[in-house]
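Working notes, structure below.
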Amino acid sequence: MSNIILFLASVIALMGIYALLTLAVNLHYGYAGLLSFGIVGFAAVGAYTYAIVTRGAPVGEDVYLFYFNQPWWVGFLAAGVVTTLFAFIIGLPTLRVEGDYLLIVTFAFAEVIQDLLSNEGWLTNGTRGFINIHLPFRELIPGRNYTLFLAFLIVVIVAVVYLIAQRLGTAPFGRTMRAIRDNEPAALAVGKSVYSFKMRTFLLGAAICGFAGAMYTWYMTLAMPSIFGMSVTFAAWIALIVGGQGNNKGAIVGAIVLLGVQQAIKFVSLTPDLAPIISSVQLIMEGLVLIIILRFWPRGLIPEKSPKPPKPAITKEVI
Amino acid sequence: MSAMLQVEGITKYFGGLKAIDDCTLGVEQGSITALIGPNGSGKTTLFNVITGFLKATKGHVLFEGREITNLPPHRIANLGIARTFQVSSLFPKLTVWENLLVAYPHQKGESLWAVFTGQGHIRKQEGEQIERANRIIDRIGLAHKIEEKAANLSAPEARMLEIGRQLMFSPRLIMLDEPSSGVNPAMLDVLANMISELNKEGMTFFIIGHNLSFIMKLSHYMHVLHYSKLIASGTPQVVARDERVIEAYMGVRQ
Amino acid sequence: MQYAVYGLLMGCVLLLATVGFSMIRRVEGFLNIAHGQMLAVGAYSCYVFNNLLGWDIIPSAIAAVLVTAVIGYLVAYTVFFPLTGKPPLMIAIASTGASYVIQGLIEVFFGPNVKQYRFPPMRAIKIGDLSLAGPDQIAMVIAAAITVLFLHFLLTRTETGKAIRAMAANFNLARIRGINTPRMRVIIWLIASAMGGLAGVMIGLISRLAPFMGFEYIMLIMIVAILGGLGSIYGAMVAALIIGLITQMSVMVIPPQYSQLIAFVLIIVVLLIRPQGIFKEA
């Protein structure tokens with residue numbers, strides 16, 4: 001029985017991490033209209049920042065040169081800060097650029113990050129990566145119960161980020177973002193610094209990805225280049241589209257559904273004959289599910305209802 | 001005597017095409033100045049250059065003595081110049097009310113940090129905005145459509161909303177690009193009255209006009225653009241009798 | 001010098017792959033991530049004919065190109081055509097789904113290991129001390145050149161080509177003007193997929209086959225497409241050769257693992273200076 005609970009907790013933890021990534025995609029695309037396909041790149045930066053900041057000295061065949069041995073919360077904060085810096089540097093040239101171009105450039109950014117992670121052993125320990133990641137409160141919660149704690153922690157963080165995203169949406173910030181999405185020249189004519197709004201949204205989304213990346217290392221207890229591939233970015237986008245683009249609830253629902261489907265497929269293909277090709281079958285089924293959903297439920301599961309400010313009491317005054 | 005808006009020697013090339021040729025003109029404070037000329041003369045292009053949507057190839061634009069050439073459009077709006085577009089440029093998915101509220105400048109609620117703090121501040125500022133929006137919505141006569149999505153408005157209503165929205169950030173100069181297009185004759189009077197009243201309250205207008213009768217009645221001063229060149233400037237009466245102007249229009253008007 | 005030759009070969013591969021990608025981008029309006037898989041399909045089809053059926057390399061290559069054309073069209077028919085008119089982002093994501101399916105199928109049928117054609121390595125032709133290129137490689141360059149010429153001829157001299165260009169410029173207008181757009185769409189998908197397939201065959205010759213090669217190349221394809229100005233066919237050609245040469249020849253000065261980084265930095269620089277790419281989206 002407890003095995004099932006632990007398993008569920010672990011699934012929930014992963015769902016939570018993907019929910020964060022999907023919320024970030026919603027910030028980038030749903031709020032700012034940015035085709036941001038470098039999500040996994042920001043997560044990778046956050047993850048490795050956390051790993052390096054909390055790392056102890058190299059052992060055995062490790063080749064990395066930098067480690068700071070800090071407590072987990074320093075690493076966590078650092079993950080957010082460093083990722084935001086990266087996002088700022090990437091954003092400077094790319095946010096001025098249109099739609100498809102931004103897609104390709106952000107996509108390329110993530111690929112390059114993954115390459116660098118594999119190659120720059122002096123910083124990242126190369127393809128071996130970092131194992132034995134320093135986990136928050138690990139000493140306090142020994143044994144397998146830690147998974148439960150991690151799931152709980154992640155869910156709390158998802159809730160916090162969700163509330164932040166919603167608040168932003170209902171605040172004047174959200175109104176201005178919707179205006180910018182609706183009609184950018186008009187927004188400029190009204191005096192809004194469109195670039196500044198886009199950049200701030202981009203940075204916030206990237207920071208969330210950075211934190212999510214750090215949490216990913218908690219979940220995996222390691223950080224390796226191979227887990228930060230483009231499939232993660234695609235998964236976040238697929239989750240958003242499936243859940244209903246443009247709204248935060250949909251983002252979370254989409255992440256849950258996507259991961260749920262992935263886990264379900266894992267179960268279905270568990271017959272021993274299929275063992276060697278399980279991952280391939282999974283891939284095929286994911287692709288098929290995606291195609292089918294896009295075909296028959298193009299608006300996603302939760303249709304767009306972007307956060308709107310509460311109906312103001314002004315209606316009385318006007319009439 | 002320097003004008004409120006001074007355009008000096010503005011030239012604009014699109015590749016090899018000269019859209020504006022060494023244009024120099026002024027808009028006096030407190031006036032209603034018109035910019036007329038046959039289609040394709042470069043009037044909207046000139047507006048776009050003045051308001052920062054296009055970069056000038058050569059020349060300067062000064063507003064209240066201050067150089068604003070090639071500033072980004074949102075900076076120019078913040079300096080006090082409002083503009084409308086030839087096709088009413090609203091935020092279609094936002095309601096009429098939101099269209100107005102969004103236009104208020106320097107909203108504290110637009111900062112990322114305001115999400116966490118300053119609920120009270122935001123509410124207070126929104127209160128000021130709301131009062132302003134209330135007055136404007138009455139003025140443009142759209143109070144009954146307050147919750148309507150802007151996409152659902154008729155063309156004249158859209159025009160009024162666009163003007164109303166630009167009023168929200170208290171500009172000192174309003175540049176209207178063909179405000180009369182898409183507006184039926186009954187509404188034209190309403191529009192003309194509104195412009196007159198605002199002008200009497202101190203607002204300066206620079207209007208691109210295509211409906212000559214509308215624009216001639218309304219404006220104090222006119223500039224005529226013909227195929228990228230400024231060919232005449234003066235009061236409506238003077239301009240109407242100018243040979244070059246007549247020739248320019250005769251050639252175009254069927 | 002070897003690097004220059006290899007760069008040229010890579011450029012040819014990218015050229016064939018990206019022109020097809022750009023064609024689809026122009027006419028269908030979306031970024032077809034699954035186009036990378038056409039390379040994989042072409043490569044693996046050639047493998048089937050060459051290694052499993054025992055054919056010679058040239059008939060294998062031709063058959064592979066034809067098979068890829070058909071498969072590419074079928075994918076379009078089943079996945080993309082039903083989504084016509086939907087936002088391009090959605091279709092692009094659907095193409096990601098299609099890519100997953102194709103890669104999964106390749107993994108299932110061919111296994112995860114790297115493969116090579118049954119094709120004897122040919123000795124390079126020497127000029128003095130320099131070994132230039134093997135006759136197979138020269139044949140590849142010639143094949144690429146012929147394809148380009150054929151395409152150019154098609155686009156500029158034939159009715160079909162003019163129709164394609166009209167559709168690329170303005171789909172609806174072309175339809176109103178009576179161009180048989182459904183039939184043209186079929187032709188465009190066949191040509192684009194065939195070119196992708198040919199590129200894949202060539203990769204099999206100069207490099208190796210791996211199930212993830214579709215995703216492996218799609219990023220380079222997109223970078224080339226940007227550099228050439230999204231949707232400009234001739235721009236894509238020029239950009240392909242440039243990127244091919246630069247990424248391979250930079251190996252002489254910079255360690256090889258940075259070649260992708262070079263391409264990335266290159267587009268950032270280009271985008272900063274000239275946001276539309278080398279050629280305008282003409």
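Ligands are numbered from 1 in the order shown, residues from 1 within each chain, and chains are lettered A, B, ... in the order they appear in the structure tokens.
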**Request:** Define the interface residues of chain B facing chain A as those within 6 Å, counting only C-alpha atoms, and report them as a list of chain:residue names.
**Result:** B:Pro73, B:His74, B:Ala77, B:Asn78, B:Ser89, B:Phe91, B:Ala103, B:Gly109, B:Glu110, B:Val115
Should the cut-off be 8 Å, what would the residue list for chain C against chain A look like, counting only C-alpha atoms, as a compact mmCIF listing (two decimals) with C-alpha atoms, in the first residue's frame?
```
# COMPACT_ATOMS: atom_id res chain seq x y z
CA LEU C 31 7.25 25.43 -39.22
CA VAL C 79 -2.03 15.17 -39.90
CA PRO C 82 -7.24 18.36 -41.47
CA LEU C 83 -5.75 21.23 -39.52
CA MET C 90 -0.93 24.49 -33.42
CA ILE C 93 3.00 21.33 -32.47
CA ALA C 94 1.06 18.69 -34.36
CA THR C 96 6.06 17.59 -33.30
CA GLY C 97 3.60 14.82 -32.55
CA ALA C 98 4.11 13.41 -36.03
CA SER C 99 7.86 13.55 -35.46
CA TYR C 100 7.51 11.51 -32.30
CA VAL C 101 5.47 8.90 -34.14
CA ILE C 102 7.96 8.61 -36.99
CA GLN C 103 10.98 8.42 -34.73
CA GLY C 104 9.24 5.86 -32.55
CA LEU C 105 8.44 3.72 -35.56
CA GLU C 107 13.23 2.85 -33.35
CA VAL C 108 10.82 -0.05 -33.30
CA MET C 219 17.58 22.71 -35.54
CA MET C 222 15.70 26.01 -38.88
CA ILE C 223 18.83 28.05 -38.35
CA ILE C 226 16.25 31.92 -40.56
CA GLN C 257 31.78 20.43 -30.28
CA GLN C 260 26.39 24.30 -33.24
CA LEU C 261 27.27 27.17 -30.96
CA PHE C 264 23.72 29.90 -33.00
CA ILE C 267 22.07 33.84 -36.29
CA ILE C 268 22.02 36.03 -33.22
CA LEU C 271 19.24 38.93 -36.38
CA LEU C 272 20.69 41.89 -34.57
CA PRO C 275 16.17 40.90 -38.63
```
**Message:** With only C-alpha atoms as the counted atoms, please give the residues lying no more than 10 Å from Phe86 (chain A), apart from itself and same-chain residues fewer than 6 positions off, as a PyMOL selection string.
**Reply:** chain A and resi 41-42+45-46+203+206-207
Given the selection you just returned, output its residues as a file containing C-alpha atoms, formatted as a PDB file, in the first residue's frame.
```
ATOM      1  CA  GLY A  41      17.308  25.729 -21.438  1.00  0.00           C
ATOM      2  CA  PHE A  42      16.259  27.934 -18.533  1.00  0.00           C
ATOM      3  CA  VAL A  45      20.550  26.726 -16.141  1.00  0.00           C
ATOM      4  CA  GLY A  46      18.593  26.773 -12.906  1.00  0.00           C
ATOM      5  CA  LEU A 203      12.226  37.176 -17.172  1.00  0.00           C
ATOM      6  CA  ALA A 206      12.421  32.155 -17.113  1.00  0.00           C
ATOM      7  CA  ALA A 207      12.931  32.534 -13.369  1.00  0.00           C
TER       8      ALA A 207
END
```
**Request:** Pull the strand (DSSP E or B) assignments for region 56-208 of chain B out of DSSP run on the backbone, and list those residues as a ChimeraX atom specification.
**Result:** /B:58-63,66-67,81-83,95,149,173-177,204-208
Take the residues that were just selected and, keeping C-alpha atoms, output them as a CSV table (one decimal), in the first residue's frame.
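Final output, saved to selection_9.csv:
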```csv
chain,number,residue,atom,x,y,z
B,58,LYS,CA,16.5,63.0,-42.6
B,59,GLY,CA,15.2,66.0,-40.7
B,60,HIS,CA,14.0,66.9,-37.3
B,61,VAL,CA,10.8,66.9,-35.3
B,62,LEU,CA,10.4,69.2,-32.3
B,63,PHE,CA,7.6,69.3,-29.8
B,66,ARG,CA,12.2,69.6,-27.6
B,67,GLU,CA,13.8,67.3,-30.1
B,81,ILE,CA,1.2,63.6,-28.2
B,82,ALA,CA,-1.7,61.3,-28.9
B,83,ARG,CA,-2.5,59.9,-32.3
B,95,THR,CA,-14.2,45.9,-23.3
B,149,LYS,CA,-16.1,44.1,-26.4
B,173,LEU,CA,-1.6,67.6,-29.0
B,174,ILE,CA,-3.9,65.1,-30.7
B,175,MET,CA,-3.1,63.9,-34.2
B,176,LEU,CA,-6.1,62.4,-35.9
B,177,ASP,CA,-5.6,60.3,-39.0
B,204,THR,CA,-4.3,71.3,-30.1
B,205,PHE,CA,-5.3,69.2,-33.1
B,206,PHE,CA,-3.4,68.1,-36.1
B,207,ILE,CA,-5.8,66.3,-38.4
B,208,ILE,CA,-5.3,64.4,-41.6
```
Name the residues of region 1-247 of chain B that fall into helix (DSSP H, G or I) according to DSSP on the backbone, using the chain letters and numbers of this document, as a short mmCIF file (atom, residue, chain, number, x, y, z; two decimals) with N, CA and C atoms, in the first residue's frame.
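selection25.cif, freshly written:
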```cif
data_model
loop_
_atom_site.label_atom_id
_atom_site.label_comp_id
_atom_site.auth_asym_id
_atom_site.auth_seq_id
_atom_site.Cartn_x
_atom_site.Cartn_y
_atom_site.Cartn_z
N LYS B 43 0.75 61.54 -46.25
CA LYS B 43 0.26 62.15 -45.01
C LYS B 43 0.39 61.21 -43.83
N THR B 44 -0.11 59.97 -44.00
CA THR B 44 0.01 59.02 -42.89
C THR B 44 1.47 58.72 -42.59
N THR B 45 2.27 58.65 -43.65
CA THR B 45 3.70 58.42 -43.43
C THR B 45 4.29 59.52 -42.57
N LEU B 46 3.89 60.75 -42.85
CA LEU B 46 4.40 61.86 -42.04
C LEU B 46 3.96 61.72 -40.59
N PHE B 47 2.70 61.36 -40.40
CA PHE B 47 2.22 61.12 -39.04
C PHE B 47 3.07 60.06 -38.36
N ASN B 48 3.32 58.98 -39.09
CA ASN B 48 4.09 57.89 -38.50
C ASN B 48 5.50 58.31 -38.14
N VAL B 49 6.08 59.17 -38.96
CA VAL B 49 7.43 59.64 -38.64
C VAL B 49 7.40 60.54 -37.41
N ILE B 50 6.41 61.45 -37.37
CA ILE B 50 6.32 62.36 -36.23
C ILE B 50 6.12 61.58 -34.93
N PRO B 73 7.75 55.21 -30.21
CA PRO B 73 6.39 55.76 -30.15
C PRO B 73 5.84 55.90 -28.74
N HIS B 74 6.19 54.98 -27.84
CA HIS B 74 5.58 55.11 -26.52
C HIS B 74 6.15 56.30 -25.76
N ARG B 75 7.41 56.63 -26.05
CA ARG B 75 8.00 57.80 -25.40
C ARG B 75 7.30 59.06 -25.88
N ILE B 76 7.03 59.10 -27.18
CA ILE B 76 6.39 60.30 -27.73
C ILE B 76 4.99 60.44 -27.17
N ALA B 77 4.30 59.31 -27.01
CA ALA B 77 2.97 59.39 -26.40
C ALA B 77 3.08 59.92 -24.98
N ASN B 78 4.07 59.45 -24.25
CA ASN B 78 4.22 59.91 -22.87
C ASN B 78 4.59 61.37 -22.78
N VAL B 96 -15.01 48.10 -23.79
CA VAL B 96 -14.92 49.54 -23.95
C VAL B 96 -14.28 50.16 -22.71
N TRP B 97 -14.77 49.73 -21.56
CA TRP B 97 -14.28 50.26 -20.30
C TRP B 97 -12.78 49.99 -20.14
N GLU B 98 -12.40 48.75 -20.44
CA GLU B 98 -10.98 48.38 -20.30
C GLU B 98 -10.12 49.15 -21.29
N ASN B 99 -10.66 49.37 -22.50
CA ASN B 99 -9.93 50.15 -23.49
C ASN B 99 -9.57 51.51 -22.93
N LEU B 100 -10.50 52.09 -22.17
CA LEU B 100 -10.21 53.39 -21.60
C LEU B 100 -9.22 53.27 -20.45
N LEU B 101 -9.49 52.35 -19.54
CA LEU B 101 -8.65 52.26 -18.35
C LEU B 101 -7.21 51.93 -18.66
N LYS B 108 0.64 52.10 -11.31
CA LYS B 108 1.43 51.32 -10.36
C LYS B 108 1.12 49.84 -10.51
N GLY B 109 -0.10 49.56 -10.90
CA GLY B 109 -0.49 48.17 -11.02
C GLY B 109 0.18 47.45 -12.17
N GLU B 110 0.95 48.20 -12.96
CA GLU B 110 1.60 47.56 -14.08
C GLU B 110 2.97 47.04 -13.72
N TRP B 113 6.12 44.17 -9.15
CA TRP B 113 6.14 44.13 -7.68
C TRP B 113 4.78 44.45 -7.10
N ALA B 114 4.03 45.23 -7.84
CA ALA B 114 2.72 45.61 -7.31
C ALA B 114 1.85 44.40 -7.07
N VAL B 115 2.23 43.29 -7.67
CA VAL B 115 1.46 42.07 -7.44
C VAL B 115 1.44 41.73 -5.96
N GLN B 119 -1.67 46.96 -2.64
CA GLN B 119 -3.06 46.83 -3.09
C GLN B 119 -3.80 48.14 -2.92
N GLY B 120 -3.51 48.77 -1.78
CA GLY B 120 -4.18 50.04 -1.49
C GLY B 120 -3.84 51.10 -2.51
N HIS B 121 -2.55 51.18 -2.84
CA HIS B 121 -2.11 52.17 -3.81
C HIS B 121 -2.77 51.96 -5.15
N ILE B 122 -2.81 50.71 -5.56
CA ILE B 122 -3.39 50.41 -6.86
C ILE B 122 -4.84 50.84 -6.88
N ARG B 123 -5.54 50.50 -5.81
CA ARG B 123 -6.96 50.84 -5.79
C ARG B 123 -7.16 52.34 -5.84
N LYS B 124 -6.30 53.06 -5.13
CA LYS B 124 -6.46 54.51 -5.11
C LYS B 124 -6.23 55.07 -6.51
N GLN B 125 -5.19 54.59 -7.16
CA GLN B 125 -4.90 55.12 -8.49
C GLN B 125 -5.99 54.71 -9.47
N GLU B 126 -6.45 53.49 -9.35
CA GLU B 126 -7.53 53.05 -10.23
C GLU B 126 -8.73 53.96 -10.03
N GLY B 127 -8.94 54.40 -8.79
CA GLY B 127 -10.05 55.30 -8.52
C GLY B 127 -9.96 56.56 -9.35
N GLU B 128 -8.76 57.15 -9.42
CA GLU B 128 -8.58 58.35 -10.24
C GLU B 128 -8.83 58.06 -11.70
N GLN B 129 -8.27 56.91 -12.12
CA GLN B 129 -8.47 56.52 -13.51
C GLN B 129 -9.95 56.37 -13.82
N ILE B 130 -10.65 55.74 -12.88
CA ILE B 130 -12.05 55.44 -13.11
C ILE B 130 -12.84 56.73 -13.26
N GLU B 131 -12.52 57.72 -12.41
CA GLU B 131 -13.24 58.98 -12.52
C GLU B 131 -13.02 59.60 -13.89
N ARG B 132 -11.76 59.58 -14.31
CA ARG B 132 -11.43 60.15 -15.59
C ARG B 132 -12.17 59.43 -16.71
N ALA B 133 -12.14 58.09 -16.62
CA ALA B 133 -12.78 57.30 -17.66
C ALA B 133 -14.28 57.58 -17.68
N ASN B 134 -14.86 57.76 -16.49
CA ASN B 134 -16.28 58.07 -16.43
C ASN B 134 -16.61 59.31 -17.23
N ARG B 135 -15.80 60.36 -17.00
CA ARG B 135 -16.08 61.61 -17.69
C ARG B 135 -15.94 61.45 -19.19
N ILE B 136 -14.89 60.72 -19.58
CA ILE B 136 -14.66 60.59 -21.02
C ILE B 136 -15.74 59.74 -21.68
N ILE B 137 -16.15 58.69 -20.97
CA ILE B 137 -17.12 57.81 -21.62
C ILE B 137 -18.43 58.54 -21.85
N ASP B 138 -18.77 59.44 -20.96
CA ASP B 138 -19.97 60.24 -21.19
C ASP B 138 -19.76 61.15 -22.37
N ARG B 139 -18.60 61.74 -22.41
CA ARG B 139 -18.30 62.68 -23.48
C ARG B 139 -18.38 62.05 -24.85
N ALA B 143 -21.49 55.36 -22.87
CA ALA B 143 -21.75 54.82 -21.53
C ALA B 143 -22.61 53.57 -21.59
N HIS B 144 -23.48 53.50 -22.60
CA HIS B 144 -24.39 52.37 -22.63
C HIS B 144 -23.70 51.11 -23.13
N LYS B 145 -22.50 51.27 -23.66
CA LYS B 145 -21.82 50.09 -24.22
C LYS B 145 -20.60 49.70 -23.39
N ALA B 150 -14.74 45.70 -27.56
CA ALA B 150 -14.50 46.75 -28.56
C ALA B 150 -14.68 46.25 -29.98
N ALA B 151 -14.47 44.95 -30.19
CA ALA B 151 -14.61 44.42 -31.55
C ALA B 151 -16.03 44.55 -32.06
N ASN B 152 -16.99 44.65 -31.12
CA ASN B 152 -18.39 44.67 -31.54
C ASN B 152 -18.93 46.06 -31.85
N ALA B 155 -18.37 51.33 -36.70
CA ALA B 155 -17.21 52.15 -37.07
C ALA B 155 -17.20 53.52 -36.40
N PRO B 156 -18.32 54.25 -36.41
CA PRO B 156 -18.28 55.56 -35.74
C PRO B 156 -18.05 55.42 -34.25
N GLU B 157 -18.66 54.40 -33.62
CA GLU B 157 -18.43 54.21 -32.19
C GLU B 157 -16.96 53.89 -31.92
N ALA B 158 -16.39 53.09 -32.80
CA ALA B 158 -14.97 52.74 -32.63
C ALA B 158 -14.11 53.99 -32.72
N ARG B 159 -14.47 54.85 -33.65
CA ARG B 159 -13.71 56.08 -33.82
C ARG B 159 -13.76 56.92 -32.54
N MET B 160 -14.98 57.04 -31.97
CA MET B 160 -15.13 57.83 -30.76
C MET B 160 -14.34 57.19 -29.62
N LEU B 161 -14.40 55.88 -29.53
CA LEU B 161 -13.67 55.20 -28.45
C LEU B 161 -12.18 55.42 -28.58
N GLU B 162 -11.70 55.38 -29.82
CA GLU B 162 -10.27 55.58 -30.01
C GLU B 162 -9.85 56.97 -29.54
N ILE B 163 -10.64 57.95 -29.90
CA ILE B 163 -10.33 59.32 -29.48
C ILE B 163 -10.42 59.41 -27.96
N GLY B 164 -11.50 58.85 -27.41
CA GLY B 164 -11.66 58.88 -25.96
C GLY B 164 -10.49 58.24 -25.25
N ARG B 165 -10.04 57.12 -25.79
CA ARG B 165 -8.93 56.42 -25.16
C ARG B 165 -7.68 57.30 -25.18
N GLN B 166 -7.45 57.96 -26.29
CA GLN B 166 -6.26 58.81 -26.35
C GLN B 166 -6.36 59.99 -25.41
N LEU B 167 -7.60 60.38 -25.07
CA LEU B 167 -7.75 61.48 -24.13
C LEU B 167 -7.35 61.09 -22.72
N PRO B 185 -22.79 60.92 -41.90
CA PRO B 185 -22.93 62.39 -41.80
C PRO B 185 -23.48 62.86 -40.46
N ALA B 186 -24.41 62.12 -39.88
CA ALA B 186 -24.97 62.56 -38.60
C ALA B 186 -23.88 62.60 -37.54
N MET B 187 -23.10 61.55 -37.52
CA MET B 187 -22.03 61.47 -36.52
C MET B 187 -20.95 62.48 -36.79
N LEU B 188 -20.79 62.85 -38.05
CA LEU B 188 -19.75 63.82 -38.39
C LEU B 188 -19.91 65.11 -37.60
N ASP B 189 -21.15 65.53 -37.46
CA ASP B 189 -21.39 66.75 -36.69
C ASP B 189 -20.98 66.56 -35.24
N VAL B 190 -21.38 65.44 -34.69
CA VAL B 190 -21.01 65.15 -33.30
C VAL B 190 -19.50 65.19 -33.14
N LEU B 191 -18.84 64.55 -34.10
CA LEU B 191 -17.38 64.51 -34.05
C LEU B 191 -16.80 65.92 -34.14
N ALA B 192 -17.31 66.69 -35.09
CA ALA B 192 -16.79 68.05 -35.27
C ALA B 192 -17.01 68.88 -34.02
N ASN B 193 -18.19 68.71 -33.40
CA ASN B 193 -18.46 69.45 -32.17
C ASN B 193 -17.49 69.07 -31.08
N MET B 194 -17.24 67.78 -30.97
CA MET B 194 -16.34 67.33 -29.90
C MET B 194 -14.95 67.92 -30.10
N ILE B 195 -14.48 67.88 -31.34
CA ILE B 195 -13.15 68.44 -31.61
C ILE B 195 -13.14 69.93 -31.27
N SER B 196 -14.21 70.63 -31.68
CA SER B 196 -14.29 72.07 -31.38
C SER B 196 -14.23 72.33 -29.89
N GLU B 197 -15.05 71.60 -29.16
CA GLU B 197 -15.11 71.82 -27.71
C GLU B 197 -13.76 71.55 -27.06
N LEU B 198 -13.18 70.41 -27.42
CA LEU B 198 -11.88 70.09 -26.85
C LEU B 198 -10.87 71.18 -27.19
N ASN B 199 -10.97 71.68 -28.40
CA ASN B 199 -10.05 72.72 -28.81
C ASN B 199 -10.22 73.97 -27.97
N LYS B 200 -11.51 74.31 -27.70
CA LYS B 200 -11.75 75.48 -26.88
C LYS B 200 -11.20 75.29 -25.48
N LEU B 212 -13.09 66.93 -47.47
CA LEU B 212 -12.66 68.33 -47.49
C LEU B 212 -13.64 69.26 -46.80
N SER B 213 -14.95 69.06 -46.99
CA SER B 213 -15.90 69.98 -46.39
C SER B 213 -15.78 69.91 -44.88
N PHE B 214 -15.64 68.68 -44.36
CA PHE B 214 -15.49 68.49 -42.92
C PHE B 214 -14.28 69.26 -42.40
N ILE B 215 -13.20 69.07 -43.09
CA ILE B 215 -11.94 69.59 -42.57
C ILE B 215 -11.85 71.10 -42.76
N MET B 216 -12.42 71.60 -43.83
CA MET B 216 -12.27 73.02 -44.08
C MET B 216 -13.06 73.83 -43.07
N LYS B 217 -14.24 73.31 -42.69
CA LYS B 217 -15.04 74.05 -41.72
C LYS B 217 -14.35 74.09 -40.37
N LEU B 218 -13.65 73.03 -40.08
CA LEU B 218 -13.16 72.83 -38.73
C LEU B 218 -11.82 73.51 -38.46
N PRO B 236 -7.71 78.02 -44.50
CA PRO B 236 -8.52 77.27 -45.48
C PRO B 236 -8.92 78.10 -46.68
N GLN B 237 -9.26 79.35 -46.43
CA GLN B 237 -9.71 80.16 -47.54
C GLN B 237 -8.60 80.35 -48.57
N VAL B 238 -7.41 80.68 -48.05
CA VAL B 238 -6.27 80.90 -48.93
C VAL B 238 -5.92 79.64 -49.70
N VAL B 239 -5.90 78.53 -48.98
CA VAL B 239 -5.48 77.26 -49.60
C VAL B 239 -6.47 76.83 -50.67
N ALA B 240 -7.75 77.09 -50.39
CA ALA B 240 -8.77 76.64 -51.34
C ALA B 240 -8.62 77.33 -52.68
N ARG B 241 -8.04 78.53 -52.64
CA ARG B 241 -7.93 79.27 -53.89
C ARG B 241 -6.57 79.06 -54.54
N GLU B 243 -3.76 77.79 -56.69
CA GLU B 243 -3.82 77.08 -57.98
C GLU B 243 -3.22 75.69 -57.92
N ARG B 244 -2.07 75.62 -57.27
CA ARG B 244 -1.40 74.32 -57.24
C ARG B 244 -2.27 73.28 -56.54
N VAL B 245 -2.98 73.76 -55.48
CA VAL B 245 -3.82 72.81 -54.74
C VAL B 245 -4.97 72.33 -55.60
N ILE B 246 -5.58 73.30 -56.30
CA ILE B 246 -6.71 72.94 -57.15
C ILE B 246 -6.26 71.94 -58.20
N GLU B 247 -5.11 72.22 -58.78
CA GLU B 247 -4.59 71.33 -59.82
C GLU B 247 -4.35 69.94 -59.25
#
```
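In this structure, CA of Leu14 (chain C) sits 28.9 Å away from CA of Gly126 (chain A).
Near region 149-156 of chain A, within 6 Å and counting only C-alpha atoms, sit Ala9, Ala13 and Gly16 of chain A; same-chain residues fewer than 5 positions away were not included.
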Just the residues within 12 Å of region 157-161 of chain C, please, counting only C-alpha atoms, with nothing from its chain fewer than 2 positions along; format it as a tab-separated table (two decimals) with C-alpha atoms, in the first residue's frame.
```
chain	number	residue	atom	x	y	z
C	23	MET	CA	8.70	25.74	-49.32
C	149	LEU	CA	18.79	23.47	-61.25
C	150	PHE	CA	15.75	21.32	-61.71
C	151	LEU	CA	13.94	23.23	-59.00
C	152	HIS	CA	14.94	26.55	-60.46
C	153	PHE	CA	13.78	25.46	-63.86
C	154	LEU	CA	10.56	24.19	-62.41
C	155	LEU	CA	9.86	27.34	-60.49
C	163	ALA	CA	1.67	28.27	-59.61
C	164	ILE	CA	3.84	27.27	-56.68
C	165	ARG	CA	5.36	30.71	-56.48
C	166	ALA	CA	1.96	32.32	-56.65
C	167	MET	CA	0.74	30.15	-53.84
C	168	ALA	CA	3.80	30.93	-51.79
C	179	ILE	CA	-4.80	27.83	-59.54
C	180	ASN	CA	-5.60	24.26	-58.69
C	181	THR	CA	-4.39	24.60	-55.15
C	183	ARG	CA	-3.27	19.50	-56.63
C	184	MET	CA	-0.45	21.97	-56.19
C	185	ARG	CA	-0.34	21.25	-52.49
C	186	VAL	CA	0.19	17.59	-53.24
C	187	ILE	CA	3.01	18.40	-55.62
C	188	ILE	CA	4.67	20.73	-53.15
C	191	ILE	CA	8.82	17.70	-53.83
```
**Message:** Show me, as a VMD selection string, the residues that have an atom within 8 Å of Thr49 (chain A) when counting only C-alpha atoms, minus same-chain residues fewer than 6 positions from it.
**Reply:** chain A and resid 75 78 to 79 82 214
**Message:** Please compute the CA of Glu64 (chain B)-CA of Met222 (chain B) distance, one decimal, in Å.
**Reply:** 19.6 Å
